[in-house]
Each structure stands twice: as C-alpha cells, then as structure tokens.
>>> print(open('protein33.cif').read())   # mmCIF, C-alpha atoms
data_upload
#
loop_
_atom_site.label_atom_id
_atom_site.label_comp_id
_atom_site.auth_asym_id
_atom_site.auth_seq_id
_atom_site.Cartn_x
_atom_site.Cartn_y
_atom_site.Cartn_z
CA MET A 1 -17.88 -165.31 -272.11
CA LEU A 2 -14.86 -167.32 -271.02
CA LYS A 3 -12.33 -167.76 -273.78
CA ASN A 4 -10.27 -170.32 -271.90
CA ARG A 5 -11.65 -173.11 -269.78
CA ASN A 6 -11.47 -172.31 -266.09
CA VAL A 7 -10.84 -175.55 -264.21
CA SER A 8 -12.15 -174.03 -260.97
CA TYR A 9 -15.63 -174.18 -262.51
CA ASP A 10 -15.19 -177.91 -263.17
CA CYS A 11 -13.87 -178.44 -259.65
CA ILE A 12 -16.86 -176.72 -258.05
CA SER A 13 -19.25 -178.55 -260.38
CA GLY A 14 -17.69 -181.82 -259.25
CA ILE A 15 -18.49 -181.00 -255.63
CA MET A 16 -22.03 -179.88 -256.45
CA ILE A 17 -22.95 -182.92 -258.56
CA LEU A 18 -21.59 -185.27 -255.88
CA TRP A 19 -23.71 -183.46 -253.31
CA MET A 20 -26.75 -183.75 -255.59
CA VAL A 21 -26.43 -187.55 -255.63
CA VAL A 22 -25.90 -187.66 -251.85
CA TYR A 23 -28.83 -185.25 -251.35
CA HIS A 24 -31.11 -187.56 -253.30
CA ALA A 25 -29.82 -190.61 -251.42
CA PHE A 26 -30.78 -188.89 -248.15
CA MET A 27 -34.25 -188.20 -249.55
CA TRP A 28 -34.77 -191.79 -250.74
CA GLY A 29 -33.56 -193.11 -247.40
CA GLY A 30 -36.05 -190.98 -245.48
CA LEU A 31 -33.22 -189.09 -243.79
CA SER A 32 -34.16 -185.52 -244.70
CA ASP A 33 -34.95 -184.77 -241.03
CA THR A 34 -31.55 -185.87 -239.72
CA ASP A 35 -28.98 -183.48 -238.30
CA THR A 36 -26.38 -184.65 -240.82
CA PHE A 37 -28.62 -183.75 -243.75
CA HIS A 38 -29.47 -180.36 -242.28
CA VAL A 39 -25.82 -179.49 -241.71
CA LEU A 40 -24.81 -180.49 -245.25
CA LEU A 41 -27.75 -178.62 -246.78
CA ARG A 42 -26.87 -175.46 -244.86
CA VAL A 43 -23.36 -175.62 -246.31
CA LEU A 44 -24.26 -176.55 -249.91
CA PHE A 45 -27.74 -175.00 -250.18
CA PHE A 46 -26.73 -173.13 -253.35
CA PHE A 47 -25.91 -176.19 -255.48
CA MET A 48 -28.75 -175.61 -257.98
CA PRO A 49 -28.08 -171.85 -258.30
CA TRP A 50 -24.47 -172.77 -259.03
CA PHE A 51 -25.36 -174.74 -262.16
CA TYR A 52 -27.58 -171.95 -263.50
CA PHE A 53 -24.93 -169.34 -262.66
CA LYS A 54 -22.23 -171.34 -264.43
CA SER A 55 -24.40 -171.63 -267.55
CA GLY A 56 -24.59 -167.83 -267.61
CA VAL A 57 -20.84 -167.39 -267.20
CA VAL A 58 -20.06 -169.62 -270.19
CA PHE A 59 -23.01 -168.41 -272.26
CA LYS A 60 -22.02 -167.58 -275.83
CA THR A 61 -23.92 -165.17 -278.06
CA ARG A 62 -24.75 -166.97 -281.29
CA PRO A 63 -27.58 -167.09 -283.87
CA PHE A 64 -30.77 -168.30 -282.20
CA ARG A 65 -31.25 -171.26 -284.55
CA GLU A 66 -27.73 -172.51 -283.94
CA ALA A 67 -28.08 -172.10 -280.17
CA PHE A 68 -31.50 -173.78 -280.17
CA THR A 69 -30.24 -176.77 -282.15
CA ASN A 70 -27.14 -177.12 -279.99
CA ASP A 71 -29.10 -177.00 -276.73
CA LEU A 72 -31.70 -179.39 -278.12
CA ASN A 73 -28.90 -181.91 -278.68
CA ARG A 74 -27.13 -181.27 -275.38
CA LEU A 75 -30.14 -180.98 -273.08
CA ILE A 76 -33.49 -182.13 -274.46
CA PHE A 77 -32.44 -185.33 -276.24
CA PRO A 78 -30.60 -186.68 -273.18
CA MET A 79 -33.56 -185.68 -271.01
CA LEU A 80 -36.04 -187.58 -273.19
CA ILE A 81 -33.83 -190.66 -273.61
CA TRP A 82 -32.98 -190.98 -269.92
CA THR A 83 -36.47 -190.15 -268.71
CA LEU A 84 -37.67 -193.08 -270.82
CA ILE A 85 -34.91 -195.33 -269.48
CA GLY A 86 -35.70 -194.33 -265.92
CA PHE A 87 -39.41 -194.87 -266.48
CA MET A 88 -38.74 -198.40 -267.73
CA PHE A 89 -37.21 -199.13 -264.31
CA MET A 90 -39.97 -197.27 -262.49
CA ALA A 91 -43.00 -198.79 -264.27
CA PRO A 92 -42.79 -202.25 -262.61
CA LYS A 93 -42.88 -200.62 -259.16
CA LEU A 94 -45.90 -198.52 -260.11
CA ILE A 95 -47.76 -201.53 -261.51
CA TYR A 96 -46.85 -204.35 -259.13
CA ILE A 97 -46.11 -202.53 -255.86
CA ASP A 98 -48.19 -199.35 -256.03
CA ARG A 99 -50.98 -201.18 -257.93
CA LEU A 100 -51.67 -198.36 -260.38
CA PRO A 101 -53.70 -199.11 -263.53
CA ILE A 102 -51.50 -199.73 -266.57
CA GLY A 103 -53.21 -196.96 -268.55
CA GLN A 104 -52.47 -194.44 -265.82
CA VAL A 105 -48.88 -195.61 -265.61
CA LEU A 106 -48.34 -195.27 -269.35
CA SER A 107 -49.74 -191.75 -269.41
CA LEU A 108 -47.68 -190.52 -266.45
CA PRO A 109 -44.51 -189.38 -268.30
CA VAL A 110 -46.31 -187.15 -270.80
CA ASP A 111 -48.92 -185.87 -268.33
CA SER A 112 -46.30 -185.00 -265.71
CA LEU A 113 -44.03 -183.28 -268.21
CA LEU A 114 -46.81 -181.13 -269.64
CA ILE A 115 -48.54 -180.30 -266.36
CA SER A 116 -45.55 -179.44 -264.18
CA GLY A 117 -42.31 -180.17 -266.06
CA ASP A 118 -41.69 -183.32 -263.99
CA THR A 119 -39.67 -186.07 -265.65
CA LYS A 120 -41.29 -189.20 -264.22
CA GLY A 121 -38.83 -192.06 -263.98
CA ASN A 122 -35.80 -189.78 -263.75
CA ALA A 123 -36.91 -186.88 -261.58
CA PRO A 124 -33.68 -184.77 -261.55
CA LEU A 125 -33.90 -184.24 -265.31
CA TRP A 126 -36.43 -181.45 -264.79
CA PHE A 127 -33.28 -179.33 -264.63
CA LEU A 128 -32.38 -180.04 -268.26
CA LEU A 129 -35.75 -178.80 -269.49
CA SER A 130 -35.53 -175.77 -267.22
CA LEU A 131 -31.99 -174.98 -268.37
CA PHE A 132 -33.04 -175.34 -272.01
CA ILE A 133 -35.82 -172.76 -271.56
CA VAL A 134 -33.49 -170.46 -269.60
CA LYS A 135 -30.85 -170.59 -272.33
CA CYS A 136 -33.44 -169.88 -275.03
CA LEU A 137 -34.56 -166.81 -273.10
CA MET A 138 -30.96 -165.77 -272.47
CA ALA A 139 -30.38 -165.69 -276.23
CA GLY A 140 -32.75 -162.72 -276.37
CA ILE A 141 -31.87 -161.09 -273.06
CA VAL A 142 -28.15 -160.76 -273.84
CA ARG A 143 -29.08 -158.53 -276.77
CA LEU A 144 -30.83 -156.04 -274.49
CA ASN A 145 -29.30 -152.90 -273.05
CA ARG A 146 -27.08 -153.69 -270.04
CA ARG A 147 -29.19 -151.44 -267.80
CA ILE A 148 -32.30 -153.43 -268.69
CA GLN A 149 -30.47 -156.65 -267.90
CA PHE A 150 -29.70 -155.38 -264.39
CA ILE A 151 -33.31 -154.24 -263.92
CA LEU A 152 -34.47 -157.74 -264.80
CA LEU A 153 -32.68 -159.26 -261.78
CA PRO A 154 -35.00 -157.87 -259.05
CA LEU A 155 -38.00 -158.32 -261.34
CA LEU A 156 -37.22 -162.04 -261.75
CA ALA A 157 -36.80 -162.38 -257.98
CA GLY A 158 -40.19 -160.74 -257.51
CA VAL A 159 -41.90 -163.00 -260.04
CA GLY A 160 -40.38 -166.09 -258.43
CA TRP A 161 -41.48 -164.97 -254.98
CA LEU A 162 -45.02 -164.21 -256.26
CA LEU A 163 -45.33 -167.66 -257.82
CA TYR A 164 -44.16 -169.18 -254.53
CA ARG A 165 -46.58 -167.11 -252.44
CA GLU A 166 -49.54 -167.98 -254.65
CA GLN A 167 -48.37 -171.63 -254.85
CA LEU A 168 -48.58 -171.62 -258.65
CA LEU A 169 -47.07 -174.61 -260.42
CA LEU A 170 -46.85 -173.75 -264.11
CA PRO A 171 -46.88 -176.17 -267.08
CA LEU A 172 -43.57 -177.48 -268.47
CA GLY A 173 -41.73 -176.44 -265.32
CA PHE A 174 -42.04 -172.71 -265.98
CA SER A 175 -42.21 -172.17 -262.22
CA THR A 176 -38.46 -172.80 -262.18
CA ILE A 177 -37.68 -170.18 -264.81
CA PRO A 178 -37.66 -166.92 -262.78
CA LEU A 179 -34.97 -168.15 -260.36
CA GLY A 180 -33.12 -170.13 -263.01
CA LEU A 181 -32.99 -167.11 -265.31
CA LEU A 182 -32.01 -164.82 -262.43
CA PHE A 183 -28.99 -166.96 -261.52
CA ALA A 184 -28.00 -167.51 -265.18
CA LEU A 185 -28.23 -163.80 -265.95
CA SER A 186 -26.22 -163.04 -262.80
CA GLY A 187 -23.52 -165.40 -264.07
CA TYR A 188 -23.53 -163.64 -267.42
CA LEU A 189 -23.29 -160.18 -265.86
CA PHE A 190 -20.86 -160.86 -263.02
CA GLY A 191 -18.90 -163.96 -264.05
CA GLU A 192 -16.10 -162.15 -265.84
CA GLN A 193 -15.81 -159.50 -263.11
CA ILE A 194 -15.09 -162.06 -260.37
CA SER A 195 -11.53 -162.64 -261.59
CA ARG A 196 -10.80 -158.92 -261.20
CA VAL A 197 -11.85 -158.60 -257.55
CA SER A 198 -8.98 -157.75 -255.21
CA PHE A 199 -7.86 -160.20 -252.55
CA LEU A 200 -9.04 -157.96 -249.71
CA SER A 201 -12.48 -157.61 -251.31
CA GLN A 202 -12.66 -161.38 -251.72
CA ILE A 203 -12.02 -161.87 -248.01
CA MET A 204 -14.69 -159.30 -247.17
CA VAL A 205 -17.26 -161.00 -249.45
CA ILE A 206 -16.52 -164.41 -247.93
CA CYS A 207 -16.91 -163.06 -244.39
CA VAL A 208 -20.18 -161.30 -245.27
CA THR A 209 -21.43 -164.48 -246.95
CA VAL A 210 -20.73 -166.66 -243.91
CA GLY A 211 -22.38 -164.18 -241.55
CA LEU A 212 -25.39 -163.56 -243.76
CA ALA A 213 -25.93 -167.26 -244.51
CA TYR A 214 -26.00 -167.89 -240.76
CA ALA A 215 -28.29 -164.95 -239.95
CA VAL A 216 -30.65 -165.15 -242.95
CA GLU A 217 -30.63 -168.85 -243.77
CA GLY A 218 -33.10 -170.21 -246.26
CA TYR A 219 -33.57 -172.94 -248.82
CA VAL A 220 -35.78 -172.95 -251.91
CA ASP A 221 -36.46 -176.20 -253.76
CA ILE A 222 -36.22 -174.65 -257.22
CA HIS A 223 -37.80 -177.71 -258.84
CA VAL A 224 -41.19 -176.82 -257.33
CA ASN A 225 -40.32 -173.23 -256.31
CA THR A 226 -41.08 -174.01 -252.67
CA LEU A 227 -39.44 -172.45 -249.62
CA TRP A 228 -38.38 -175.17 -247.17
CA TYR A 229 -37.28 -172.78 -244.44
CA GLY A 230 -36.05 -169.24 -243.89
CA SER A 231 -36.42 -166.35 -246.33
CA TYR A 232 -37.09 -166.62 -250.08
CA ILE A 233 -35.23 -163.41 -250.93
CA GLY A 234 -32.57 -164.28 -248.36
CA TYR A 235 -31.99 -167.55 -250.23
CA ILE A 236 -31.43 -165.67 -253.49
CA VAL A 237 -28.99 -163.17 -251.96
CA THR A 238 -27.01 -165.74 -249.96
CA SER A 239 -26.88 -168.09 -252.95
CA LEU A 240 -25.35 -165.41 -255.15
CA LEU A 241 -22.85 -164.45 -252.46
CA SER A 242 -22.01 -168.11 -251.84
CA VAL A 243 -21.39 -168.75 -255.53
CA CYS A 244 -19.01 -165.80 -255.63
CA SER A 245 -17.31 -166.97 -252.43
CA VAL A 246 -16.62 -170.49 -253.71
CA LEU A 247 -15.25 -168.99 -256.92
CA PHE A 248 -12.86 -166.92 -254.82
CA LEU A 249 -11.90 -169.93 -252.68
CA PHE A 250 -11.29 -172.23 -255.65
CA ARG A 251 -9.54 -169.63 -257.79
CA LYS A 252 -6.14 -171.27 -257.25
CA ILE A 253 -7.34 -174.78 -256.38
CA ALA A 254 -7.17 -177.60 -258.93
CA ILE A 255 -8.17 -181.01 -257.57
CA SER A 256 -7.89 -183.38 -260.51
CA PRO A 257 -10.54 -185.95 -259.46
CA LEU A 258 -13.10 -183.22 -258.82
CA ILE A 259 -12.25 -181.51 -262.11
CA TRP A 260 -12.82 -184.79 -263.96
CA ILE A 261 -16.10 -185.43 -262.14
CA GLY A 262 -17.22 -181.89 -262.89
CA ARG A 263 -16.59 -182.39 -266.58
CA LYS A 264 -18.49 -185.69 -266.46
CA SER A 265 -21.34 -184.34 -264.33
CA MET A 266 -23.95 -185.17 -266.97
CA TYR A 267 -23.26 -188.88 -266.45
CA LEU A 268 -24.06 -188.59 -262.74
CA LEU A 269 -27.15 -186.49 -263.38
CA LEU A 270 -28.59 -188.93 -265.92
CA ILE A 271 -27.67 -192.26 -264.34
CA HIS A 272 -28.00 -192.05 -260.56
CA TRP A 273 -31.81 -191.94 -260.36
CA PRO A 274 -32.46 -195.07 -262.47
CA VAL A 275 -29.83 -196.86 -260.36
CA PHE A 276 -31.72 -195.80 -257.23
CA THR A 277 -34.92 -197.19 -258.74
CA LEU A 278 -33.32 -200.52 -259.69
CA ILE A 279 -31.82 -200.97 -256.21
CA THR A 280 -35.21 -200.19 -254.67
CA LEU A 281 -36.94 -202.79 -256.86
CA ILE A 282 -34.36 -205.41 -255.87
CA SER A 283 -34.78 -204.47 -252.21
CA TYR A 284 -38.55 -204.89 -252.43
CA ARG A 285 -38.18 -208.28 -254.12
CA THR A 286 -35.63 -209.56 -251.59
CA GLY A 287 -37.25 -208.08 -248.50
CA LEU A 288 -34.38 -205.72 -247.75
CA PRO A 289 -35.16 -202.40 -246.00
CA VAL A 290 -35.90 -199.40 -248.20
CA GLN A 291 -35.37 -196.78 -245.52
CA GLY A 292 -32.58 -195.79 -243.17
CA ASN A 293 -28.85 -195.17 -243.13
CA SER A 294 -27.65 -198.42 -244.70
CA TYR A 295 -30.15 -198.10 -247.54
CA ALA A 296 -29.12 -194.48 -248.29
CA VAL A 297 -25.42 -195.40 -248.18
CA THR A 298 -26.06 -198.32 -250.55
CA LEU A 299 -27.96 -196.10 -252.97
CA GLY A 300 -25.33 -193.37 -253.01
CA THR A 301 -22.34 -195.70 -253.21
CA ILE A 302 -23.63 -197.90 -256.02
CA ALA A 303 -25.07 -194.98 -258.02
CA LEU A 304 -21.78 -193.07 -257.84
CA LEU A 305 -19.78 -196.17 -258.74
CA VAL A 306 -21.95 -197.01 -261.75
CA SER A 307 -22.05 -193.38 -262.95
CA LEU A 308 -18.29 -192.87 -262.65
CA LEU A 309 -17.51 -196.20 -264.34
CA ALA A 310 -19.83 -195.22 -267.19
CA ALA A 311 -18.10 -191.85 -267.43
CA ARG A 312 -14.72 -193.57 -267.57
CA PHE A 313 -15.46 -196.26 -270.14
CA ILE A 314 -18.60 -195.38 -272.15
CA PRO A 315 -18.48 -192.64 -274.83
CA GLU A 316 -20.95 -189.81 -274.38
CA SER A 317 -22.63 -190.42 -277.73
CA TRP A 318 -23.54 -193.98 -276.69
CA LEU A 319 -25.64 -192.56 -273.86
CA GLY A 320 -27.22 -189.78 -275.89
CA ILE A 321 -25.12 -187.12 -274.17
CA HIS A 322 -24.35 -183.97 -276.22
CA GLY A 323 -26.13 -185.46 -279.22
CA THR A 324 -24.98 -188.20 -281.58
CA LYS A 325 -23.27 -187.87 -284.92
CA SER A 326 -26.43 -189.04 -286.62
CA ARG A 327 -28.42 -186.18 -285.08
CA LYS A 328 -25.77 -183.63 -286.06
CA TYR A 329 -25.86 -184.98 -289.59
CA LEU A 330 -29.65 -184.77 -289.56
CA TYR A 331 -29.58 -181.12 -288.57
CA ARG A 332 -26.99 -180.31 -291.20
CA ARG A 333 -29.19 -181.97 -293.79
CA ALA A 334 -32.27 -180.13 -292.52
CA SER A 335 -30.52 -176.78 -292.76
#
>>> encode(input="protein33.cif", output="structure tokens")
Amino acid sequence: MLKNRNVSYDCISGIMILWMVVYHAFMWGGLSDTDTFHVLLRVLFFFMPWFYFKSGVVFKTRPFREAFTNDLNRLIFPMLIWTLIGFMFMAPKLIYIDRLPIGQVLSLPVDSLLISGDTKGNAPLWFLLSLFIVKCLMAGIVRLNRRIQFILLPLLAGVGWLLYREQLLLPLGFSTIPLGLLFALSGYLFGEQISRVSFLSQIMVICVTVGLAYAVEGYVDIHVNTLWYGSYIGYIVTSLLSVCSVLFLFRKIAISPLIWIGRKSMYLLLIHWPVFTLITLISYRTGLPVQGNSYAVTLGTIALLVSLLAARFIPESWLGIHGTKSRKYLYRRAS
C-alpha cells in the first residue's frame, strides 16, 4: 500500500528487533522476574503486534500464486534452513546434558512444528511460519468488501480470546493466527490513514495511549496465545494505539543506525538464537554460570555483534534470506 519506502517503519523495526534480542537474553538469563525486565516490557509490550501491523501496511495485492511463491522464498525457506542450523547447535545439549534418547531428539523438530508450530533449535522463527499463513489469508481478505474487513477485526479478537480461554494450542502454530491476522489487517486498513491525521489528533491519541496502557496494562505472548498479566482485549487495544503512537512520534525522525538495523532485522531474527545456544554450550563445558545478569549481558552482546557483522558483510542469499537465485530460477522453470 505504500508506494515509497517510509524510513520511519525501518527505524521502529530497528528498535523492536533490538528489544526482541534483549527480551530473549533476559529470558535465557532467568531475569524475567526482575524490575528492569518488567519496566522494559511495559514500554515495548507491542513489539510483536508491530511486525504484523507493518506487514499489513506494506501488503501488496497480487496473484495468489505469485504471492505464495514470494513468501515461500522470503519466509519459509529461511525458517527451515535456520531452524535446522539452530537444531544442530541444540542437539548436543539435548543428548549430552539433558540425556534425551537420540531418536526422540531427531524427531523433535518435525513433531514440534506439526503439533504446535514450534521451531525447535531456533524458537523465534515460529513468527515466520505464522506470518506466512497470515499473508496467505490476507491475499483473500483484501478482496472482500471493506465493511466485511472491518467486521473481521472484532471477530478475530474474539476467536483469539476464546482459544486463550480454552487453552487450545493448534497444530502448525494456528493459535497465533487470530491475533496476527487482526494486527496485519489493521495495518492494511489504517496504515495509509495515519499520515493524514492532524497534529492535534496525534497528540490526543498519544495521551490516550499512555493513560490507557497504564490503566489497562496487559501482555499476551502471541507465540502460545497466553496472557501473562492484565487484560487480553486490553492488550489488543493498547497495542494498536501504541503502534499508531510510535508512528506519530517517528514520523519526522530518521536515525540512520536504527533504519539500517530495521532493514537488516531478518539477520537478527535468524542468528541470535543459535548464538545463544552456542554460548550456553560453551558455558556448560567450561563451568561458567548460565543464569544471571552477566550471562544475559554476554548473550545479548555477542548475539547482536555477530548478527550485525553478518548483516554488514554477508550477502542475504548466502544465508538463505529472501531466497537464492537458484530457487528463483527453479520457480521460473516450474511455471
């Protein structure tokens, strides 16, 4: 829907992907109960809704086969490649430290993917499968009447809430789809309108967002569709308002390093988890602690450094990002 690239989207994506790596470092370090983590999460609780919302803003209507092939290259191939890479780092820990049978270890990636959409070995890549399904569904939804599209928003919220209440974890990560599709469709419907909002209205939305986020706080782990605290519906509403607010705030802001990181966010998404796993294996072997502040800082620092160096010096196609020329040639031949 955007004809020209809006660098504010890259800037915000840079912040959100950096927070994702830090968020995971906190989790690995056993620091999810600390005050620092809680404060940061209450500020950036909408980081996953942001990525879905952005996908809706930039969604392009195209023939389904073309869209399917493009998203297969950009999302599913990197997910499969980097899940396998991550699992190669993870398998030694499962076998030699957790003492799991080799047969069980070897079956984990496929079983987890089919049963719940988990990508064992590189856990954050559940998002790529979820986004792929969301974009496939969007290809049909954007052809519906606009009124029906708006009606779908509360229906998706209701379905997500019902799945949460009944604690239903669907195969292939379909539990993530109601919220993912809600935020993506919201981006598609409202993304273009944001640039037309008056300055006074922007200020009012930001003030309402801050007040509502404080009064009706909540956080949903979209990966497993679980409410950590607060209100499920409140999380949806405050996330949408927060996304709009950061778009207002960053409308005239262009921070070059964050823009670059935002454009290279796939590197950080794919690489940081295997780096965490490798550092953990080394820590186990050398007797270093695998909990606490120093461990979390080490994880986050090294993972960010490796990911950003890879983004700077290694072409995307070498890492399976956005598909390789050979795959594009294959699809041209197949068509």
>>> resolve_selection(input="protein33.cif", expression="the PyMOL selection byres ((chain A and resi 100-115) around 8)", output="list in words")
Phe87, Ala91, Leu94, Ile95, Tyr96, Asp98, Arg99, Ser116, Gly117, Asp118, Thr119, Lys120, Gly121, Leu170, Pro171, Leu172 and Gly173 of chain A
>>> resolve_selection(input="protein33.cif", expression="the PyMOL selection byres ((chain A and resi 206-218) around 9)", output="count of residues only")
30
>>> atom_distance(input="protein33.cif", atom1="CA of Met48 in chain A", atom2="CA of Ala25 in chain A")
16.4 Å
>>> resolve_selection(input="protein33.cif", expression="the PyMOL selection byres ((chain A and resi 296) around 12)", output="tab-separated table (two decimals) with C-alpha atoms, in the coordinates of the input")
chain	number	residue	atom	x	y	z
A	21	VAL	CA	-26.43	-187.55	-255.63
A	22	VAL	CA	-25.90	-187.66	-251.85
A	23	TYR	CA	-28.83	-185.25	-251.35
A	24	HIS	CA	-31.11	-187.56	-253.30
A	25	ALA	CA	-29.82	-190.61	-251.42
A	26	PHE	CA	-30.78	-188.89	-248.15
A	27	MET	CA	-34.25	-188.20	-249.55
A	28	TRP	CA	-34.77	-191.79	-250.74
A	29	GLY	CA	-33.56	-193.11	-247.40
A	30	GLY	CA	-36.05	-190.98	-245.48
A	31	LEU	CA	-33.22	-189.09	-243.79
A	32	SER	CA	-34.16	-185.52	-244.70
A	37	PHE	CA	-28.62	-183.75	-243.75
A	276	PHE	CA	-31.72	-195.80	-257.23
A	279	ILE	CA	-31.82	-200.97	-256.21
A	280	THR	CA	-35.21	-200.19	-254.67
A	289	PRO	CA	-35.16	-202.40	-246.00
A	290	VAL	CA	-35.90	-199.40	-248.20
A	291	GLN	CA	-35.37	-196.78	-245.52
A	292	GLY	CA	-32.58	-195.79	-243.17
A	293	ASN	CA	-28.85	-195.17	-243.13
A	294	SER	CA	-27.65	-198.42	-244.70
A	295	TYR	CA	-30.15	-198.10	-247.54
A	297	VAL	CA	-25.42	-195.40	-248.18
A	298	THR	CA	-26.06	-198.32	-250.55
A	299	LEU	CA	-27.96	-196.10	-252.97
A	300	GLY	CA	-25.33	-193.37	-253.01
A	301	THR	CA	-22.34	-195.70	-253.21
A	302	ILE	CA	-23.63	-197.90	-256.02
A	303	ALA	CA	-25.07	-194.98	-258.02
>>> closest_residue(input="protein33.cif", among="A:Leu125, A:Leu179, A:Ile97, A:Leu137", to="Met79 in chain A", atoms="all atoms listed in the file")
A:Leu125
>>> atom_distance(input="protein33.cif", atom1="CA of Val58 in chain A", atom2="CA of Ser175 in chain A")
23.7 Å
>>> atom_distance(input="protein33.cif", atom1="CA of Ala310 in chain A", atom2="CA of Asp71 in chain A")
22.6 Å
>>> closest_residue(input="protein33.cif", among="A:Asn6, A:Thr34, A:Ser55, A:Ser256", to="Phe183 in chain A", atoms="all atoms listed in the file")
A:Ser55
>>> residues_around(input="protein33.cif", residues="Gly86 in chain A", least_positions_apart="4", cutoff="10 Å", atoms="all atoms listed in the file", output="list in words")
Leu80, Ile81, Trp82, Met90, Ala91, Thr119, Lys120, Gly121, Asn122, Ala123, Leu270, Ile271, His272, Trp273, Pro274, Val275, Phe276, Thr277 and Leu278 of chain A
>>> residues_around(input="protein33.cif", residues="range 311-321 of chain A", least_positions_apart="2", cutoff="12 Å", atoms="only C-alpha atoms", output="count of residues only")
41
